[in-house]
>>> print(open('structure25.csv').read())   # CSV, N, CA, C and O atoms
chain,number,residue,atom,x,y,z
A,1,MET,N,111.4,95.5,96.5
A,1,MET,CA,110.0,95.6,96.2
A,1,MET,C,109.7,95.3,94.7
A,1,MET,O,110.6,95.6,93.9
A,2,ARG,N,108.6,94.6,94.4
A,2,ARG,CA,108.2,94.3,93.1
A,2,ARG,C,107.3,95.5,92.6
A,2,ARG,O,106.4,95.8,93.4
A,3,ILE,N,107.5,96.0,91.4
A,3,ILE,CA,106.7,97.0,90.9
A,3,ILE,C,105.7,96.4,89.9
A,3,ILE,O,106.2,95.8,88.9
A,4,ILE,N,104.4,96.5,90.1
A,4,ILE,CA,103.4,96.0,89.2
A,4,ILE,C,103.0,97.1,88.2
A,4,ILE,O,102.6,98.2,88.6
A,5,ALA,N,103.2,96.8,87.0
A,5,ALA,CA,102.9,97.6,85.8
A,5,ALA,C,103.9,98.7,85.5
A,5,ALA,O,103.6,99.8,85.3
A,6,THR,N,105.2,98.3,85.5
A,6,THR,CA,106.2,99.3,85.0
A,6,THR,C,106.0,99.7,83.6
A,6,THR,O,106.4,100.8,83.2
A,7,SER,N,105.2,98.9,82.8
A,7,SER,CA,104.9,99.3,81.4
A,7,SER,C,104.1,100.6,81.4
A,7,SER,O,104.2,101.4,80.5
A,8,THR,N,103.3,100.9,82.5
A,8,THR,CA,102.6,102.1,82.6
A,8,THR,C,103.6,103.3,82.6
A,8,THR,O,103.4,104.3,82.0
A,9,LEU,N,104.7,103.1,83.3
A,9,LEU,CA,105.7,104.2,83.5
A,9,LEU,C,106.5,104.3,82.1
A,9,LEU,O,106.8,105.4,81.7
A,10,THR,N,106.8,103.2,81.5
A,10,THR,CA,107.5,103.2,80.2
A,10,THR,C,106.6,104.0,79.2
A,10,THR,O,107.1,104.9,78.5
A,11,ALA,N,105.3,103.7,79.1
A,11,ALA,CA,104.5,104.4,78.2
A,11,ALA,C,104.4,105.9,78.5
A,11,ALA,O,104.4,106.7,77.6
A,12,TYR,N,104.4,106.2,79.8
A,12,TYR,CA,104.4,107.6,80.2
A,12,TYR,C,105.6,108.4,79.8
A,12,TYR,O,105.5,109.5,79.2
A,13,TRP,N,106.8,107.8,80.0
A,13,TRP,CA,108.0,108.5,79.6
A,13,TRP,C,108.2,108.6,78.1
A,13,TRP,O,108.9,109.5,77.6
A,14,GLN,N,107.5,107.7,77.4
A,14,GLN,CA,107.6,107.9,75.9
A,14,GLN,C,106.8,109.1,75.5
A,14,GLN,O,107.1,109.8,74.5
A,15,LYS,N,105.7,109.5,76.2
A,15,LYS,CA,105.0,110.7,75.9
A,15,LYS,C,105.6,111.9,76.5
A,15,LYS,O,105.5,113.0,76.0
A,16,HIS,N,106.3,111.7,77.7
A,16,HIS,CA,107.0,112.8,78.4
A,16,HIS,C,108.5,112.4,78.6
A,16,HIS,O,108.9,112.0,79.7
A,17,PRO,N,109.3,112.6,77.5
A,17,PRO,CA,110.7,112.2,77.6
A,17,PRO,C,111.5,112.7,78.8
A,17,PRO,O,112.5,112.1,79.2
A,18,ASP,N,111.1,113.9,79.2
A,18,ASP,CA,111.9,114.5,80.4
A,18,ASP,C,111.7,113.7,81.7
A,18,ASP,O,112.5,113.9,82.6
A,19,THR,N,110.8,112.8,81.7
A,19,THR,CA,110.6,112.0,82.9
A,19,THR,C,111.3,110.6,82.9
A,19,THR,O,111.3,109.9,83.8
A,20,GLU,N,111.9,110.3,81.7
A,20,GLU,CA,112.5,109.0,81.6
A,20,GLU,C,113.6,108.7,82.7
A,20,GLU,O,113.5,107.7,83.4
A,21,GLN,N,114.5,109.6,82.8
A,21,GLN,CA,115.6,109.3,83.8
A,21,GLN,C,115.1,109.4,85.2
A,21,GLN,O,115.5,108.5,86.0
A,22,PRO,N,114.3,110.3,85.6
A,22,PRO,CA,113.7,110.3,86.9
A,22,PRO,C,112.9,109.1,87.2
A,22,PRO,O,113.0,108.5,88.3
A,23,LEU,N,112.1,108.6,86.3
A,23,LEU,CA,111.3,107.4,86.5
A,23,LEU,C,112.2,106.1,86.6
A,23,LEU,O,112.0,105.3,87.4
A,24,LYS,N,113.2,106.1,85.7
A,24,LYS,CA,114.2,104.9,85.8
A,24,LYS,C,114.9,104.9,87.1
A,24,LYS,O,115.1,103.8,87.7
A,25,ALA,N,115.3,106.1,87.6
A,25,ALA,CA,115.9,106.1,88.9
A,25,ALA,C,115.0,105.7,90.0
A,25,ALA,O,115.4,104.9,90.9
A,26,TRP,N,113.7,106.1,90.0
A,26,TRP,CA,112.7,105.7,91.0
A,26,TRP,C,112.5,104.2,90.9
A,26,TRP,O,112.5,103.5,92.0
A,27,ILE,N,112.4,103.6,89.7
A,27,ILE,CA,112.2,102.2,89.6
A,27,ILE,C,113.4,101.4,90.2
A,27,ILE,O,113.2,100.5,91.0
A,28,ALA,N,114.6,101.9,89.9
A,28,ALA,CA,115.8,101.2,90.5
A,28,ALA,C,115.8,101.3,92.0
A,28,ALA,O,116.1,100.3,92.7
A,29,GLU,N,115.5,102.4,92.6
A,29,GLU,CA,115.5,102.6,94.0
A,29,GLU,C,114.4,101.7,94.7
A,29,GLU,O,114.7,101.1,95.7
A,30,VAL,N,113.2,101.7,94.1
A,30,VAL,CA,112.1,100.9,94.7
A,30,VAL,C,112.4,99.4,94.6
A,30,VAL,O,112.1,98.7,95.5
A,31,ARG,N,113.0,99.0,93.5
A,31,ARG,CA,113.4,97.5,93.4
A,31,ARG,C,114.4,97.1,94.4
A,31,ARG,O,114.3,96.0,94.9
A,32,LYS,N,115.2,98.0,94.9
A,32,LYS,CA,116.2,97.7,95.9
A,32,LYS,C,115.6,97.8,97.3
A,32,LYS,O,116.1,97.2,98.3
A,33,ALA,N,114.5,98.6,97.4
A,33,ALA,CA,113.9,98.8,98.8
A,33,ALA,C,113.3,97.6,99.3
A,33,ALA,O,112.8,96.7,98.6
A,34,GLN,N,113.2,97.5,100.6
A,34,GLN,CA,112.5,96.5,101.4
A,34,GLN,C,111.6,97.1,102.4
A,34,GLN,O,111.7,96.8,103.6
A,35,TRP,N,110.8,98.0,102.0
A,35,TRP,CA,110.0,98.8,102.9
A,35,TRP,C,109.0,97.8,103.7
A,35,TRP,O,108.4,97.0,103.2
A,36,GLN,N,108.9,98.1,105.0
A,36,GLN,CA,108.0,97.4,105.9
A,36,GLN,C,106.8,98.3,106.3
A,36,GLN,O,105.8,97.8,106.8
A,37,ASN,N,107.0,99.6,106.1
A,37,ASN,CA,105.9,100.5,106.6
A,37,ASN,C,106.2,101.9,105.9
A,37,ASN,O,107.2,102.1,105.3
A,38,VAL,N,105.2,102.8,106.1
A,38,VAL,CA,105.3,104.1,105.5
A,38,VAL,C,106.4,104.9,106.1
A,38,VAL,O,106.9,105.8,105.4
A,39,HIS,N,106.8,104.7,107.3
A,39,HIS,CA,107.8,105.5,107.9
A,39,HIS,C,109.2,105.3,107.2
A,39,HIS,O,110.0,106.2,107.0
A,40,GLU,N,109.4,104.1,106.7
A,40,GLU,CA,110.6,103.8,105.9
A,40,GLU,C,110.6,104.5,104.6
A,40,GLU,O,111.6,104.9,104.1
A,41,ILE,N,109.4,104.6,104.0
A,41,ILE,CA,109.3,105.3,102.7
A,41,ILE,C,109.6,106.8,103.0
A,41,ILE,O,110.3,107.4,102.2
A,42,LYS,N,109.0,107.4,104.0
A,42,LYS,CA,109.2,108.8,104.3
A,42,LYS,C,110.7,109.1,104.7
A,42,LYS,O,111.2,110.1,104.4
A,43,ALA,N,111.4,108.1,105.2
A,43,ALA,CA,112.8,108.2,105.5
A,43,ALA,C,113.6,108.3,104.2
A,43,ALA,O,114.6,109.1,104.2
A,44,GLN,N,113.2,107.6,103.2
A,44,GLN,CA,113.9,107.6,101.9
A,44,GLN,C,113.4,108.8,101.0
A,44,GLN,O,114.2,109.3,100.3
A,45,TYR,N,112.1,109.1,101.1
A,45,TYR,CA,111.5,110.1,100.2
A,45,TYR,C,110.8,111.1,101.1
A,45,TYR,O,109.6,111.0,101.4
A,46,ARG,N,111.5,112.1,101.6
A,46,ARG,CA,110.9,113.1,102.5
A,46,ARG,C,109.7,113.8,101.9
A,46,ARG,O,108.8,114.1,102.6
A,47,ASN,N,109.7,114.0,100.6
A,47,ASN,CA,108.6,114.7,99.9
A,47,ASN,C,107.4,113.8,99.5
A,47,ASN,O,106.4,114.3,99.0
A,48,ALA,N,107.5,112.5,99.8
A,48,ALA,CA,106.4,111.6,99.5
A,48,ALA,C,105.2,112.0,100.4
A,48,ALA,O,105.4,112.4,101.6
A,49,SER,N,104.0,111.9,99.8
A,49,SER,CA,102.8,112.1,100.6
A,49,SER,C,102.1,110.8,100.9
A,49,SER,O,101.9,110.0,100.0
A,50,ILE,N,101.8,110.5,102.2
A,50,ILE,CA,101.2,109.3,102.6
A,50,ILE,C,99.7,109.5,102.6
A,50,ILE,O,99.2,110.4,103.3
A,51,LEU,N,98.9,108.7,101.9
A,51,LEU,CA,97.5,108.8,101.8
A,51,LEU,C,96.9,107.6,102.5
A,51,LEU,O,97.6,106.7,102.9
A,52,LYS,N,95.5,107.6,102.6
A,52,LYS,CA,94.9,106.4,103.1
A,52,LYS,C,94.9,105.2,102.1
A,52,LYS,O,95.4,105.4,101.0
A,53,ASN,N,94.4,104.1,102.5
A,53,ASN,CA,94.4,102.9,101.6
A,53,ASN,C,95.8,102.5,101.1
A,53,ASN,O,96.0,102.0,100.0
A,54,ARG,N,96.8,102.6,102.0
A,54,ARG,CA,98.2,102.2,101.6
A,54,ARG,C,98.7,102.9,100.4
A,54,ARG,O,99.6,102.4,99.7
A,55,ARG,N,98.2,104.1,100.1
A,55,ARG,CA,98.7,104.8,98.9
A,55,ARG,C,99.7,105.9,99.3
A,55,ARG,O,99.7,106.5,100.4
A,56,VAL,N,100.6,106.1,98.3
A,56,VAL,CA,101.7,107.0,98.5
A,56,VAL,C,101.8,107.8,97.2
A,56,VAL,O,101.7,107.3,96.1
A,57,VAL,N,102.1,109.1,97.3
A,57,VAL,CA,102.3,110.0,96.1
A,57,VAL,C,103.8,110.4,96.1
A,57,VAL,O,104.3,110.9,97.1
A,58,PHE,N,104.4,110.2,95.0
A,58,PHE,CA,105.8,110.5,94.8
A,58,PHE,C,105.9,111.7,93.8
A,58,PHE,O,105.1,111.7,92.8
A,59,ASN,N,106.7,112.7,94.1
A,59,ASN,CA,107.0,113.7,93.1
A,59,ASN,C,108.1,113.3,92.2
A,59,ASN,O,109.1,112.8,92.6
A,60,ILE,N,107.8,113.4,90.9
A,60,ILE,CA,108.7,113.0,89.8
A,60,ILE,C,109.2,114.3,89.1
A,60,ILE,O,108.4,115.1,88.8
A,61,LYS,N,110.5,114.3,88.9
A,61,LYS,CA,111.1,115.5,88.2
A,61,LYS,C,110.8,116.8,88.9
A,61,LYS,O,110.1,117.6,88.4
A,62,GLY,N,111.3,116.8,90.1
A,62,GLY,CA,110.9,118.0,91.0
A,62,GLY,C,109.5,117.7,91.5
A,62,GLY,O,109.2,116.8,92.1
A,63,ASN,N,108.6,118.5,91.0
A,63,ASN,CA,107.2,118.4,91.4
A,63,ASN,C,106.4,118.5,90.1
A,63,ASN,O,105.2,118.8,90.2
A,64,ASP,N,107.0,118.3,88.9
A,64,ASP,CA,106.3,118.5,87.7
A,64,ASP,C,105.3,117.4,87.4
A,64,ASP,O,104.3,117.6,86.7
A,65,HIS,N,105.6,116.2,87.9
A,65,HIS,CA,104.8,115.0,87.7
A,65,HIS,C,104.5,114.3,89.0
A,65,HIS,O,105.3,114.4,89.9
A,66,ARG,N,103.4,113.6,89.1
A,66,ARG,CA,103.0,112.9,90.3
A,66,ARG,C,102.8,111.4,90.0
A,66,ARG,O,102.2,111.1,88.9
A,67,LEU,N,103.2,110.6,90.8
A,67,LEU,CA,103.1,109.1,90.7
A,67,LEU,C,102.4,108.6,92.0
A,67,LEU,O,102.9,108.9,93.1
A,68,ILE,N,101.2,108.0,91.8
A,68,ILE,CA,100.5,107.4,92.9
A,68,ILE,C,100.6,105.9,92.9
A,68,ILE,O,100.4,105.3,91.8
A,69,VAL,N,101.0,105.3,94.0
A,69,VAL,CA,101.1,103.9,94.1
A,69,VAL,C,100.4,103.4,95.3
A,69,VAL,O,100.1,104.1,96.2
A,70,ALA,N,100.0,102.1,95.3
A,70,ALA,CA,99.5,101.4,96.4
A,70,ALA,C,100.5,100.4,96.8
A,70,ALA,O,101.1,99.7,95.9
A,71,ILE,N,100.7,100.2,98.1
A,71,ILE,CA,101.8,99.3,98.5
A,71,ILE,C,101.2,98.2,99.4
A,71,ILE,O,100.5,98.5,100.4
A,72,ALA,N,101.6,97.0,99.0
A,72,ALA,CA,101.2,95.8,99.8
A,72,ALA,C,102.5,95.4,100.5
A,72,ALA,O,103.4,94.7,99.9
A,73,PHE,N,102.7,95.9,101.7
A,73,PHE,CA,104.0,95.7,102.4
A,73,PHE,C,104.3,94.2,102.6
A,73,PHE,O,105.4,93.7,102.4
A,74,LYS,N,103.3,93.4,103.1
A,74,LYS,CA,103.6,92.0,103.3
A,74,LYS,C,104.0,91.2,102.1
A,74,LYS,O,104.7,90.3,102.1
A,75,MET,N,103.4,91.6,100.9
A,75,MET,CA,103.7,91.0,99.7
A,75,MET,C,105.0,91.6,99.0
A,75,MET,O,105.5,91.0,98.0
A,76,GLY,N,105.4,92.7,99.5
A,76,GLY,CA,106.5,93.4,98.9
A,76,GLY,C,106.2,93.9,97.5
A,76,GLY,O,107.1,93.8,96.6
A,77,ALA,N,105.0,94.4,97.3
A,77,ALA,CA,104.6,94.8,95.9
A,77,ALA,C,104.1,96.3,96.0
A,77,ALA,O,103.5,96.8,96.9
A,78,VAL,N,104.5,97.0,94.9
A,78,VAL,CA,104.1,98.4,94.6
A,78,VAL,C,103.3,98.4,93.4
A,78,VAL,O,103.7,98.0,92.3
A,79,TYR,N,102.0,98.9,93.5
A,79,TYR,CA,101.1,98.9,92.3
A,79,TYR,C,100.9,100.3,91.8
A,79,TYR,O,100.6,101.2,92.6
A,80,ILE,N,101.2,100.5,90.5
A,80,ILE,CA,101.1,101.8,89.9
A,80,ILE,C,99.6,102.1,89.8
A,80,ILE,O,98.8,101.4,89.2
A,81,LYS,N,99.1,103.2,90.4
A,81,LYS,CA,97.7,103.6,90.3
A,81,LYS,C,97.5,104.8,89.4
A,81,LYS,O,96.4,105.0,88.8
A,82,PHE,N,98.5,105.7,89.3
A,82,PHE,CA,98.4,106.9,88.4
A,82,PHE,C,99.7,107.5,88.2
A,82,PHE,O,100.6,107.5,89.1
A,83,ILE,N,99.9,108.0,87.0
A,83,ILE,CA,101.1,108.9,86.7
A,83,ILE,C,100.6,110.0,85.8
A,83,ILE,O,99.8,109.7,84.9
A,84,GLY,N,100.9,111.2,86.2
A,84,GLY,CA,100.5,112.3,85.4
A,84,GLY,C,101.2,113.6,85.8
A,84,GLY,O,102.0,113.7,86.7
A,85,THR,N,100.9,114.7,85.0
A,85,THR,CA,101.4,116.0,85.3
A,85,THR,C,100.8,116.5,86.6
A,85,THR,O,99.7,115.9,87.1
A,86,HIS,N,101.4,117.5,87.2
A,86,HIS,CA,100.8,118.1,88.4
A,86,HIS,C,99.4,118.6,88.1
A,86,HIS,O,98.5,118.4,89.0
A,87,LYS,N,99.2,119.2,87.0
A,87,LYS,CA,97.9,119.7,86.6
A,87,LYS,C,96.8,118.5,86.5
A,87,LYS,O,95.7,118.6,87.0
A,88,GLU,N,97.2,117.4,85.9
A,88,GLU,CA,96.3,116.2,85.8
A,88,GLU,C,96.1,115.7,87.2
A,88,GLU,O,94.9,115.2,87.5
A,89,TYR,N,97.1,115.6,88.0
A,89,TYR,CA,96.9,115.2,89.4
A,89,TYR,C,95.8,116.0,90.2
A,89,TYR,O,95.0,115.4,90.9
A,90,ASP,N,95.8,117.3,89.9
A,90,ASP,CA,94.9,118.1,90.6
A,90,ASP,C,93.4,117.8,90.2
A,90,ASP,O,92.5,118.2,90.9
A,91,GLN,N,93.2,117.1,89.1
A,91,GLN,CA,91.9,116.8,88.6
A,91,GLN,C,91.4,115.5,89.0
A,91,GLN,O,90.2,115.1,88.6
A,92,ILE,N,92.1,114.7,89.8
A,92,ILE,CA,91.7,113.3,90.1
A,92,ILE,C,91.6,113.2,91.7
A,92,ILE,O,92.0,114.1,92.4
A,93,ASN,N,91.0,112.1,92.1
A,93,ASN,CA,90.9,111.8,93.5
A,93,ASN,C,92.0,110.8,93.8
A,93,ASN,O,91.9,109.6,93.4
A,94,ALA,N,93.1,111.2,94.4
A,94,ALA,CA,94.3,110.4,94.6
A,94,ALA,C,94.0,109.2,95.5
A,94,ALA,O,94.7,108.2,95.4
A,95,ASP,N,92.9,109.2,96.3
A,95,ASP,CA,92.6,108.1,97.2
A,95,ASP,C,91.9,107.0,96.5
A,95,ASP,O,91.8,105.9,97.0
A,96,THR,N,91.3,107.3,95.3
A,96,THR,CA,90.5,106.2,94.6
A,96,THR,C,90.9,106.0,93.2
A,96,THR,O,90.4,105.0,92.6
A,97,VAL,N,91.8,106.8,92.6
A,97,VAL,CA,92.1,106.6,91.2
A,97,VAL,C,92.7,105.2,90.9
A,97,VAL,O,93.4,104.7,91.7
A,98,GLU,N,92.3,104.7,89.8
A,98,GLU,CA,92.9,103.4,89.4
A,98,GLU,C,93.4,103.5,88.0
A,98,GLU,O,92.8,104.2,87.1
A,99,ASN,N,94.5,102.9,87.7
A,99,ASN,CA,95.2,103.0,86.4
A,99,ASN,C,94.4,102.4,85.3
A,99,ASN,O,93.7,101.4,85.5
>>> encode(input="structure25.csv", output="structure tokens")
Amino acid sequence: MRIIATSTLTAYWQKHPDTEQPLKAWIAEVRKAQWQNVHEIKAQYRNASILKNRRVVFNIKGNDHRLIVAIAFKMGAVYIKFIGTHKEYDQINADTVEN
């Protein structure tokens, strides 16, 4: 899968250094993935939450941080929509937030 806007993740881990390794691991795993549907994502990431509008929430560094992406399966693209602490996540609408 291609990840659109990895620079967003880089900027985030510069502010939150404890997320650097978990985010780098997530990036490496997603780049190797060839997901065709949400069931394949859930098979790889049991704790991922599937939302409407092709959105998925990933827990980063346990559950301290949340990453929301939108996935275009046919294009093989993952779009970063939000990255933040669990507290920041609780203050947004995960179905509509845009980076």
>>> residues_around(input="structure25.csv", residues="Leu9 of chain A", least_positions_apart="3", cutoff="7 Å", atoms="only N, CA, C and O atoms", output="CSV table (one decimal) with N, CA, C and O atoms, in the frame of the given file")
chain,number,residue,atom,x,y,z
A,5,ALA,N,103.2,96.8,87.0
A,5,ALA,CA,102.9,97.6,85.8
A,5,ALA,C,103.9,98.7,85.5
A,5,ALA,O,103.6,99.8,85.3
A,6,THR,N,105.2,98.3,85.5
A,6,THR,CA,106.2,99.3,85.0
A,6,THR,C,106.0,99.7,83.6
A,6,THR,O,106.4,100.8,83.2
A,12,TYR,N,104.4,106.2,79.8
A,12,TYR,CA,104.4,107.6,80.2
A,12,TYR,C,105.6,108.4,79.8
A,12,TYR,O,105.5,109.5,79.2
A,13,TRP,N,106.8,107.8,80.0
A,13,TRP,CA,108.0,108.5,79.6
A,13,TRP,C,108.2,108.6,78.1
A,13,TRP,O,108.9,109.5,77.6
A,14,GLN,N,107.5,107.7,77.4
A,14,GLN,CA,107.6,107.9,75.9
A,14,GLN,C,106.8,109.1,75.5
A,14,GLN,O,107.1,109.8,74.5
A,15,LYS,N,105.7,109.5,76.2
A,15,LYS,CA,105.0,110.7,75.9
A,15,LYS,C,105.6,111.9,76.5
A,15,LYS,O,105.5,113.0,76.0
A,19,THR,N,110.8,112.8,81.7
A,19,THR,CA,110.6,112.0,82.9
A,19,THR,C,111.3,110.6,82.9
A,19,THR,O,111.3,109.9,83.8
A,20,GLU,N,111.9,110.3,81.7
A,20,GLU,CA,112.5,109.0,81.6
A,20,GLU,C,113.6,108.7,82.7
A,20,GLU,O,113.5,107.7,83.4
A,23,LEU,N,112.1,108.6,86.3
A,23,LEU,CA,111.3,107.4,86.5
A,23,LEU,C,112.2,106.1,86.6
A,23,LEU,O,112.0,105.3,87.4
>>> closest_residue(input="structure25.csv", among="A:Val78, A:Ala70, A:Ile50, A:Val56", to="Ile4 of chain A", atoms="only N, CA, C and O atoms")
A:Val78
>>> closest_residue(input="structure25.csv", among="A:Thr8, A:Ala33, A:Ala28, A:Ala48", to="Phe82 of chain A", atoms="only C-alpha atoms")
A:Thr8
>>> closest_residue(input="structure25.csv", among="A:Ala94, A:Val69, A:Ile83, A:Ile60", to="Ala25 of chain A", atoms="only C-alpha atoms")
A:Ile60
>>> closest_residue(input="structure25.csv", among="A:Thr85, A:Asn59, A:Arg31, A:Ile80", to="Val97 of chain A", atoms="all atoms listed in the file")
A:Ile80
>>> residues_around(input="structure25.csv", residues="Gly62 of chain A", least_positions_apart="3", cutoff="10 Å", atoms="only C-alpha atoms", output="VMD selection string")
chain A and resid 22 47 58 to 59 65 to 66
>>> select_by_dssp(input="structure25.csv", residues="chain A", states="strand (DSSP E or B)", output="ChimeraX atom specification")
/A:2-4,49-50,55-60,65-72,77-85
>>> write_last_selection(input="structure25.csv", atoms="N, CA, C and O atoms", output="CSV table (one decimal), in the coordinates of the input")
chain,number,residue,atom,x,y,z
A,2,ARG,N,108.6,94.6,94.4
A,2,ARG,CA,108.2,94.3,93.1
A,2,ARG,C,107.3,95.5,92.6
A,2,ARG,O,106.4,95.8,93.4
A,3,ILE,N,107.5,96.0,91.4
A,3,ILE,CA,106.7,97.0,90.9
A,3,ILE,C,105.7,96.4,89.9
A,3,ILE,O,106.2,95.8,88.9
A,4,ILE,N,104.4,96.5,90.1
A,4,ILE,CA,103.4,96.0,89.2
A,4,ILE,C,103.0,97.1,88.2
A,4,ILE,O,102.6,98.2,88.6
A,49,SER,N,104.0,111.9,99.8
A,49,SER,CA,102.8,112.1,100.6
A,49,SER,C,102.1,110.8,100.9
A,49,SER,O,101.9,110.0,100.0
A,50,ILE,N,101.8,110.5,102.2
A,50,ILE,CA,101.2,109.3,102.6
A,50,ILE,C,99.7,109.5,102.6
A,50,ILE,O,99.2,110.4,103.3
A,55,ARG,N,98.2,104.1,100.1
A,55,ARG,CA,98.7,104.8,98.9
A,55,ARG,C,99.7,105.9,99.3
A,55,ARG,O,99.7,106.5,100.4
A,56,VAL,N,100.6,106.1,98.3
A,56,VAL,CA,101.7,107.0,98.5
A,56,VAL,C,101.8,107.8,97.2
A,56,VAL,O,101.7,107.3,96.1
A,57,VAL,N,102.1,109.1,97.3
A,57,VAL,CA,102.3,110.0,96.1
A,57,VAL,C,103.8,110.4,96.1
A,57,VAL,O,104.3,110.9,97.1
A,58,PHE,N,104.4,110.2,95.0
A,58,PHE,CA,105.8,110.5,94.8
A,58,PHE,C,105.9,111.7,93.8
A,58,PHE,O,105.1,111.7,92.8
A,59,ASN,N,106.7,112.7,94.1
A,59,ASN,CA,107.0,113.7,93.1
A,59,ASN,C,108.1,113.3,92.2
A,59,ASN,O,109.1,112.8,92.6
A,60,ILE,N,107.8,113.4,90.9
A,60,ILE,CA,108.7,113.0,89.8
A,60,ILE,C,109.2,114.3,89.1
A,60,ILE,O,108.4,115.1,88.8
A,65,HIS,N,105.6,116.2,87.9
A,65,HIS,CA,104.8,115.0,87.7
A,65,HIS,C,104.5,114.3,89.0
A,65,HIS,O,105.3,114.4,89.9
A,66,ARG,N,103.4,113.6,89.1
A,66,ARG,CA,103.0,112.9,90.3
A,66,ARG,C,102.8,111.4,90.0
A,66,ARG,O,102.2,111.1,88.9
A,67,LEU,N,103.2,110.6,90.8
A,67,LEU,CA,103.1,109.1,90.7
A,67,LEU,C,102.4,108.6,92.0
A,67,LEU,O,102.9,108.9,93.1
A,68,ILE,N,101.2,108.0,91.8
A,68,ILE,CA,100.5,107.4,92.9
A,68,ILE,C,100.6,105.9,92.9
A,68,ILE,O,100.4,105.3,91.8
A,69,VAL,N,101.0,105.3,94.0
A,69,VAL,CA,101.1,103.9,94.1
A,69,VAL,C,100.4,103.4,95.3
A,69,VAL,O,100.1,104.1,96.2
A,70,ALA,N,100.0,102.1,95.3
A,70,ALA,CA,99.5,101.4,96.4
A,70,ALA,C,100.5,100.4,96.8
A,70,ALA,O,101.1,99.7,95.9
A,71,ILE,N,100.7,100.2,98.1
A,71,ILE,CA,101.8,99.3,98.5
A,71,ILE,C,101.2,98.2,99.4
A,71,ILE,O,100.5,98.5,100.4
A,72,ALA,N,101.6,97.0,99.0
A,72,ALA,CA,101.2,95.8,99.8
A,72,ALA,C,102.5,95.4,100.5
A,72,ALA,O,103.4,94.7,99.9
A,77,ALA,N,105.0,94.4,97.3
A,77,ALA,CA,104.6,94.8,95.9
A,77,ALA,C,104.1,96.3,96.0
A,77,ALA,O,103.5,96.8,96.9
A,78,VAL,N,104.5,97.0,94.9
A,78,VAL,CA,104.1,98.4,94.6
A,78,VAL,C,103.3,98.4,93.4
A,78,VAL,O,103.7,98.0,92.3
A,79,TYR,N,102.0,98.9,93.5
A,79,TYR,CA,101.1,98.9,92.3
A,79,TYR,C,100.9,100.3,91.8
A,79,TYR,O,100.6,101.2,92.6
A,80,ILE,N,101.2,100.5,90.5
A,80,ILE,CA,101.1,101.8,89.9
A,80,ILE,C,99.6,102.1,89.8
A,80,ILE,O,98.8,101.4,89.2
A,81,LYS,N,99.1,103.2,90.4
A,81,LYS,CA,97.7,103.6,90.3
A,81,LYS,C,97.5,104.8,89.4
A,81,LYS,O,96.4,105.0,88.8
A,82,PHE,N,98.5,105.7,89.3
A,82,PHE,CA,98.4,106.9,88.4
A,82,PHE,C,99.7,107.5,88.2
A,82,PHE,O,100.6,107.5,89.1
A,83,ILE,N,99.9,108.0,87.0
A,83,ILE,CA,101.1,108.9,86.7
A,83,ILE,C,100.6,110.0,85.8
A,83,ILE,O,99.8,109.7,84.9
A,84,GLY,N,100.9,111.2,86.2
A,84,GLY,CA,100.5,112.3,85.4
A,84,GLY,C,101.2,113.6,85.8
A,84,GLY,O,102.0,113.7,86.7
A,85,THR,N,100.9,114.7,85.0
A,85,THR,CA,101.4,116.0,85.3
A,85,THR,C,100.8,116.5,86.6
A,85,THR,O,99.7,115.9,87.1
>>> atom_distance(input="structure25.csv", atom1="atom CA of Glu29 of chain A", atom2="atom CA of Met1 of chain A")
9.2 Å
